[in-house]
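Have a look at final_12.txt; it's compact mmCIF, C-alpha atoms:
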```
# COMPACT_ATOMS: atom_id res chain seq x y z
CA MET R 1 -3.01 -24.95 -3.69
CA ALA R 2 -6.33 -26.63 -4.48
CA ASP R 3 -5.97 -25.73 -8.17
CA ALA R 4 -2.40 -27.03 -8.20
CA LYS R 5 -3.64 -30.33 -6.83
CA VAL R 6 -6.25 -30.55 -9.61
CA LEU R 7 -3.57 -29.62 -12.16
CA ALA R 8 -1.30 -32.41 -10.92
CA ALA R 9 -4.13 -34.97 -11.14
CA LEU R 10 -5.07 -33.85 -14.66
CA ALA R 11 -1.45 -33.84 -15.83
CA TYR R 12 -0.96 -37.37 -14.47
CA ASP R 13 -4.12 -38.53 -16.23
CA MET R 14 -3.03 -37.00 -19.54
CA HIS R 15 0.41 -38.56 -19.17
CA LYS R 16 -1.16 -41.97 -18.65
CA GLY R 17 -3.14 -41.42 -21.83
CA GLY R 18 0.06 -41.00 -23.80
CA ASN R 19 1.04 -37.32 -23.57
CA LEU R 20 1.16 -34.75 -20.80
CA PHE R 21 0.18 -32.10 -23.35
CA THR R 22 -2.74 -33.97 -24.88
CA THR R 23 -4.88 -31.42 -26.71
CA TYR R 24 -8.59 -30.80 -26.77
CA GLN R 25 -11.01 -28.89 -28.99
CA ILE R 26 -14.43 -27.38 -28.42
CA LYS R 27 -16.93 -28.38 -31.09
CA THR R 28 -20.64 -27.63 -31.32
CA TYR R 29 -23.24 -30.17 -32.41
CA SER R 30 -26.95 -29.33 -32.49
CA GLY R 31 -26.32 -26.25 -30.39
CA ARG R 32 -24.43 -28.16 -27.68
CA SER R 33 -20.73 -27.65 -26.98
CA PHE R 34 -18.52 -30.71 -26.62
CA VAL R 35 -14.94 -31.08 -25.44
CA MET R 36 -13.05 -33.39 -27.79
CA PHE R 37 -9.90 -35.07 -26.42
CA LYS R 38 -7.05 -36.66 -28.33
CA GLY R 39 -4.79 -39.44 -27.12
CA TYR R 40 -5.46 -42.89 -25.67
CA ALA R 41 -8.51 -42.32 -23.50
CA GLY R 42 -8.63 -45.96 -22.38
CA LEU R 43 -5.43 -45.57 -20.36
CA ARG R 44 -6.74 -42.69 -18.30
CA SER R 45 -8.40 -43.06 -14.92
CA GLN R 46 -10.36 -39.77 -14.84
CA LEU R 47 -11.25 -38.80 -18.41
CA THR R 48 -11.87 -42.22 -19.91
CA GLY R 49 -13.76 -40.94 -22.96
CA THR R 50 -12.84 -38.89 -26.03
CA ARG R 51 -15.89 -36.60 -26.03
CA TYR R 52 -17.70 -34.86 -23.18
CA LEU R 53 -20.25 -32.09 -22.89
CA ALA R 54 -18.48 -28.84 -22.03
CA ASN R 55 -20.48 -28.65 -18.78
CA ASN R 56 -19.83 -32.26 -17.79
CA PRO R 57 -19.13 -32.28 -14.01
CA LYS R 58 -15.97 -34.37 -14.43
CA VAL R 59 -14.57 -32.06 -17.11
CA VAL R 60 -15.45 -28.95 -15.11
CA SER R 61 -14.03 -30.35 -11.86
CA LEU R 62 -10.69 -30.95 -13.59
CA GLY R 63 -10.52 -27.37 -14.85
CA VAL R 64 -10.79 -28.21 -18.56
CA GLY R 65 -11.99 -25.42 -20.87
CA LYS R 66 -13.49 -22.07 -19.90
CA LEU R 67 -16.17 -23.56 -17.68
CA GLY R 68 -13.57 -25.51 -15.72
CA ALA R 69 -11.34 -22.46 -15.39
CA ALA R 70 -14.31 -20.35 -14.29
CA LYS R 71 -15.20 -22.89 -11.60
CA ALA R 72 -11.61 -22.90 -10.33
CA ILE R 73 -11.51 -19.10 -10.21
CA LYS R 74 -14.88 -18.88 -8.46
CA GLY R 75 -13.83 -21.53 -5.95
CA GLY R 76 -10.62 -19.64 -5.24
CA LEU R 77 -12.50 -16.39 -4.72
CA VAL R 78 -14.98 -17.94 -2.28
CA PHE R 79 -12.21 -19.72 -0.38
CA SER R 80 -10.18 -16.50 -0.17
CA VAL R 81 -13.09 -14.60 1.36
CA VAL R 82 -13.91 -17.36 3.87
CA PHE R 83 -10.25 -17.80 4.81
CA SER R 84 -9.79 -14.05 5.23
CA ILE R 85 -12.77 -13.77 7.59
CA ALA R 86 -11.57 -16.77 9.62
CA PHE R 87 -7.98 -15.49 9.75
CA HIS R 88 -8.88 -11.97 10.86
CA SER R 89 -11.40 -13.34 13.38
CA ILE R 90 -8.65 -15.39 15.04
CA GLU R 91 -6.30 -12.40 14.89
CA GLN R 92 -9.00 -10.32 16.58
CA LEU R 93 -9.25 -12.84 19.42
CA LEU R 94 -5.50 -13.17 19.94
CA ASN R 95 -4.52 -9.51 19.60
CA ASP R 96 -5.79 -7.33 22.43
CA ARG R 97 -4.96 -4.17 20.52
CA ALA R 98 -6.94 -5.14 17.43
CA THR R 99 -10.27 -3.37 17.00
CA TRP R 100 -13.21 -3.80 14.66
CA HIS R 101 -11.56 -1.25 12.39
CA ASP R 102 -8.61 -3.61 11.84
CA PHE R 103 -10.95 -6.54 11.18
CA VAL R 104 -13.07 -4.69 8.62
CA ALA R 105 -10.01 -3.14 6.95
CA GLY R 106 -8.18 -6.47 6.73
CA VAL R 107 -11.14 -8.35 5.28
CA SER R 108 -11.96 -5.50 2.87
CA VAL R 109 -8.43 -5.37 1.46
CA ASP R 110 -8.36 -9.16 1.14
CA VAL R 111 -11.72 -9.26 -0.64
CA VAL R 112 -10.72 -6.50 -3.06
CA SER R 113 -7.45 -8.32 -3.75
CA ALA R 114 -9.31 -11.61 -4.30
CA VAL R 115 -11.79 -10.00 -6.69
CA ALA R 116 -9.00 -8.22 -8.57
CA GLY R 117 -6.96 -11.43 -8.79
CA SER R 118 -9.99 -13.35 -10.04
CA ALA R 119 -10.68 -10.69 -12.66
CA ILE R 120 -7.06 -10.82 -13.85
CA ALA R 121 -7.15 -14.62 -14.02
CA TRP R 122 -10.47 -14.69 -15.89
CA SER R 123 -9.32 -11.98 -18.30
CA THR R 124 -6.21 -14.03 -19.09
CA VAL R 125 -8.15 -17.28 -19.48
CA SER R 126 -10.79 -15.64 -21.70
CA THR R 127 -8.08 -14.21 -23.93
CA VAL R 128 -5.99 -17.38 -24.25
CA VAL R 129 -8.51 -20.20 -23.95
CA GLY R 130 -10.59 -20.20 -27.11
CA ALA R 131 -12.13 -22.78 -29.38
CA ALA R 132 -8.78 -23.62 -30.95
CA ALA R 133 -6.96 -26.77 -29.90
CA MET R 134 -4.72 -26.37 -26.88
CA ALA R 135 -3.19 -28.50 -24.16
CA THR R 136 -5.81 -29.99 -21.85
CA ILE R 137 -3.89 -28.76 -18.81
CA GLY R 138 -3.79 -25.24 -20.28
CA PRO R 139 -6.83 -23.59 -18.64
CA ILE R 140 -6.19 -24.86 -15.10
CA ALA R 141 -2.45 -24.22 -15.53
CA LEU R 142 -3.24 -20.61 -16.43
CA VAL R 143 -5.45 -20.27 -13.37
CA VAL R 144 -2.65 -21.58 -11.14
CA VAL R 145 0.16 -19.51 -12.68
CA VAL R 146 -1.80 -16.28 -13.09
CA GLY R 147 -3.47 -16.75 -9.70
CA VAL R 148 -0.15 -17.14 -7.89
CA GLY R 149 1.37 -14.19 -9.77
CA ALA R 150 -1.61 -11.91 -9.17
CA THR R 151 -1.79 -12.88 -5.49
CA TYR R 152 1.91 -12.15 -4.95
CA ALA R 153 1.73 -8.83 -6.84
CA LEU R 154 -1.41 -7.60 -5.07
CA SER R 155 -0.02 -8.65 -1.69
CA ALA R 156 3.23 -6.79 -2.39
CA ILE R 157 1.30 -3.65 -3.40
CA SER R 158 -0.85 -3.85 -0.28
CA GLU R 159 2.20 -4.26 1.97
CA HIS R 160 4.17 -1.51 0.22
CA TYR R 161 1.44 1.09 0.59
CA GLY R 162 0.15 -0.17 3.94
CA LEU R 163 -3.40 -0.27 2.61
CA THR R 164 -4.83 -2.22 5.55
CA LYS R 165 -3.42 0.19 8.15
CA LYS R 166 -4.52 3.22 6.14
CA LEU R 167 -8.05 1.90 5.72
CA SER R 168 -8.19 1.03 9.42
CA GLN R 169 -7.13 4.58 10.31
CA LEU R 170 -9.74 6.02 7.93
CA LEU R 171 -12.42 3.99 9.70
CA LYS R 172 -11.19 5.21 13.10
CA ASP R 173 -11.23 8.82 11.89
CA ALA R 174 -14.73 8.39 10.44
CA GLU R 175 -15.94 6.93 13.74
CA SER R 176 -14.41 9.83 15.66
CA ARG R 177 -16.12 12.36 13.39
CA MET R 178 -19.44 10.56 13.74
CA VAL R 179 -19.15 10.50 17.55
CA LYS R 180 -18.25 14.21 17.57
CA ASN R 181 -21.21 15.06 15.32
CA LEU R 182 -23.57 13.10 17.55
CA GLU R 183 -22.18 14.93 20.57
CA ASP R 184 -22.77 18.26 18.84
CA ILE R 185 -26.34 17.26 18.01
CA ARG R 186 -27.01 16.19 21.59
CA ARG R 187 -25.51 19.42 22.92
CA GLU R 188 -27.56 21.57 20.56
CA THR R 189 -30.68 19.56 21.41
CA ARG R 190 -30.14 20.08 25.16
CA LYS R 191 -29.46 23.76 24.54
CA GLY R 192 -32.70 24.08 22.56
CA LEU R 193 -34.73 22.28 25.20
CA ASN R 194 -33.30 24.51 27.94
CA TYR R 195 -34.13 27.59 25.87
CA MET R 196 -37.69 26.31 25.37
CA ASP R 197 -38.11 25.98 29.12
CA GLU R 198 -36.73 29.48 29.75
CA ASP R 199 -38.54 31.28 26.92
CA PRO R 200 -41.24 29.17 25.17
CA ILE R 201 -42.47 32.08 23.02
CA GLY R 202 -38.95 32.96 21.93
CA PHE R 203 -38.34 29.30 21.13
CA MET R 204 -41.47 29.14 18.93
CA HIS R 205 -40.37 32.37 17.25
CA ARG R 206 -36.95 30.95 16.40
CA LEU R 207 -38.40 27.61 15.33
CA PHE R 208 -41.41 28.72 13.24
CA GLY R 209 -40.86 32.45 12.74
CA LEU R 210 -43.95 33.38 14.75
CA PRO R 211 -44.36 37.01 15.83
CA TYR R 212 -42.50 37.63 19.06
CA LEU R 213 -43.70 40.53 21.16
CA ARG R 214 -42.08 41.46 24.42
CA PHE R 215 -43.87 43.64 26.93
CA GLN R 216 -41.78 45.52 29.40
```
Would you encode the structure as structure tokens?
Amino acid sequence: MADAKVLAALAYDMHKGGNLFTTYQIKTYSGRSFVMFKGYAGLRSQLTGTRYLANNPKVVSLGVGKLGAAKAIKGGLVFSVVFSIAFHSIEQLLNDRATWHDFVAGVSVDVVSAVAGSAIAWSTVSTVVGAAAMATIGPIALVVVVGVGATYALSAISEHYGLTKKLSQLLKDAESRMVKNLEDIRRETRKGLNYMDEDPIGFMHRLFGLPYLRFQ
């Protein structure tokens, strides 16, 4: 949604400058990369010039070029993680049946989905957005379209296979095994201590292999 808002603002600005699909090029001068815009820059309200450094904050904030697309993808990833933690925290408070297993499983699946979606978006942007001239709205438009598509697809896969519930159950099973193992250790420890009290020499024999002589 945030990227779509940026896309709308950029598209409006390009339209004011004469063409919604105003193109740009990346050119390098003295080792520095510049974004070169075409169209009537004087009519725009955001990008009022024809040439900007590729890392110019205004250019990056509007999702122009690879740096702008990367910022949008990174921002989406961070927001997804924060939103997921907040959402599952509220769910934990409102649902009496929810346990820490559900919280961890839900956040984990969301984070993996967010990372996968970001990787898909960046892979697409890196492939399509090169040094050749393309529409100024292209990079951020790709982030929006690919991001929405990847989010929907990953969500559908997660729902279809019940990944969150399965991961939650795996955590519960792992906790049960850990509790059982700790119980076994405590039981064996108590058993060993009782044996040491009853037969100290026998205990030392079993523990260190010391000679054990019994006199009748």
Neighbouring residues of stretch 54-62 of chain R were defined as those with any atom within 10 Å, considering all atoms listed in the file; residues of the same chain fewer than 2 positions away were excluded. Please report them as a tab-separated table (two decimals) with C-alpha atoms, keeping the file's coordinate frame.
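Writing done, so here's around_23.tsv:
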```tsv
chain	number	residue	atom	x	y	z
R	3	ASP	CA	-5.97	-25.73	-8.17
R	5	LYS	CA	-3.64	-30.33	-6.83
R	6	VAL	CA	-6.25	-30.55	-9.61
R	7	LEU	CA	-3.57	-29.62	-12.16
R	8	ALA	CA	-1.30	-32.41	-10.92
R	9	ALA	CA	-4.13	-34.97	-11.14
R	10	LEU	CA	-5.07	-33.85	-14.66
R	11	ALA	CA	-1.45	-33.84	-15.83
R	26	ILE	CA	-14.43	-27.38	-28.42
R	27	LYS	CA	-16.93	-28.38	-31.09
R	28	THR	CA	-20.64	-27.63	-31.32
R	32	ARG	CA	-24.43	-28.16	-27.68
R	33	SER	CA	-20.73	-27.65	-26.98
R	34	PHE	CA	-18.52	-30.71	-26.62
R	35	VAL	CA	-14.94	-31.08	-25.44
R	36	MET	CA	-13.05	-33.39	-27.79
R	46	GLN	CA	-10.36	-39.77	-14.84
R	47	LEU	CA	-11.25	-38.80	-18.41
R	51	ARG	CA	-15.89	-36.60	-26.03
R	52	TYR	CA	-17.70	-34.86	-23.18
R	64	VAL	CA	-10.79	-28.21	-18.56
R	65	GLY	CA	-11.99	-25.42	-20.87
R	66	LYS	CA	-13.49	-22.07	-19.90
R	67	LEU	CA	-16.17	-23.56	-17.68
R	68	GLY	CA	-13.57	-25.51	-15.72
R	69	ALA	CA	-11.34	-22.46	-15.39
R	70	ALA	CA	-14.31	-20.35	-14.29
R	71	LYS	CA	-15.20	-22.89	-11.60
R	72	ALA	CA	-11.61	-22.90	-10.33
R	136	THR	CA	-5.81	-29.99	-21.85
R	137	ILE	CA	-3.89	-28.76	-18.81
R	139	PRO	CA	-6.83	-23.59	-18.64
R	140	ILE	CA	-6.19	-24.86	-15.10
```
Item to check | Coordinates-based distance that separates atom CA of R:Asn19 from atom CA of R:Arg44 (Å, one decimal) | outcome: 10.8 Å
Checklist entry - What's the 6 Å shell around stretch 109-121 of chain R, counting only C-alpha atoms, without same-chain residues fewer than 3 positions away, as a list in words? => result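 With the cut-off at 6 Å, the set is Ile73, Leu77, Val81, Gly106, Thr124, Val143, Val146 and Ala150 of chain R.
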Checklist entry - R:Val104, R:Leu53, R:Val125, R:Ile90: which is nearest R:Lys166, counting only C-alpha atoms? => result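 So, comparing all the options, the nearest one is R:Val104.
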Checklist entry - Distance atom CA of R:Leu142-atom CA of R:Thr127, one decimal place? => result 11.0 Å
Checklist entry - Hey, can you check how far atom CA of R:Leu43 sits from atom CA of R:Ala135? => result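 Atom CA of R:Leu43 sits 17.6 Å away from atom CA of R:Ala135.
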Checklist entry - Contacts of stretch 85-88 of chain R at 9 Å or less, counting only C-alpha atoms, minus same-chain residues fewer than 5 places along, as an MDAnalysis selection string? => result chainID R and resid 80 93 102:104 106:107
Checklist entry - From the set R:Asp184, R:Leu167, R:Gly63, R:Gly31, which residue has the shortest atom-to-atom contact distance to R:Val144, counting all atoms listed in the file? => result R:Gly63
Checklist entry - Looking at only C-alpha atoms, which of R:Lys172, R:Arg177, R:His15, R:Arg190 is the one that sits closest to R:Trp100? => result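 Using only C-alpha atoms, R:Trp100 sits closest to R:Lys172.
Among the candidates R:Met178, R:Ala4, R:Thr99, R:Gly49, the one nearest to R:Gly147 when counting only C-alpha atoms is R:Ala4.
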Item to check | Nearest candidate to R:Tyr40 (options R:Gly18, R:Thr23, R:Met134, R:Leu171; using all atoms listed in the file) | outcome: R:Gly18
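Between R:Ala2 and the residues R:Ala105, R:Phe37, R:Phe79, R:Met196, the shortest atom-to-atom distance, using only C-alpha atoms, involves R:Phe79.
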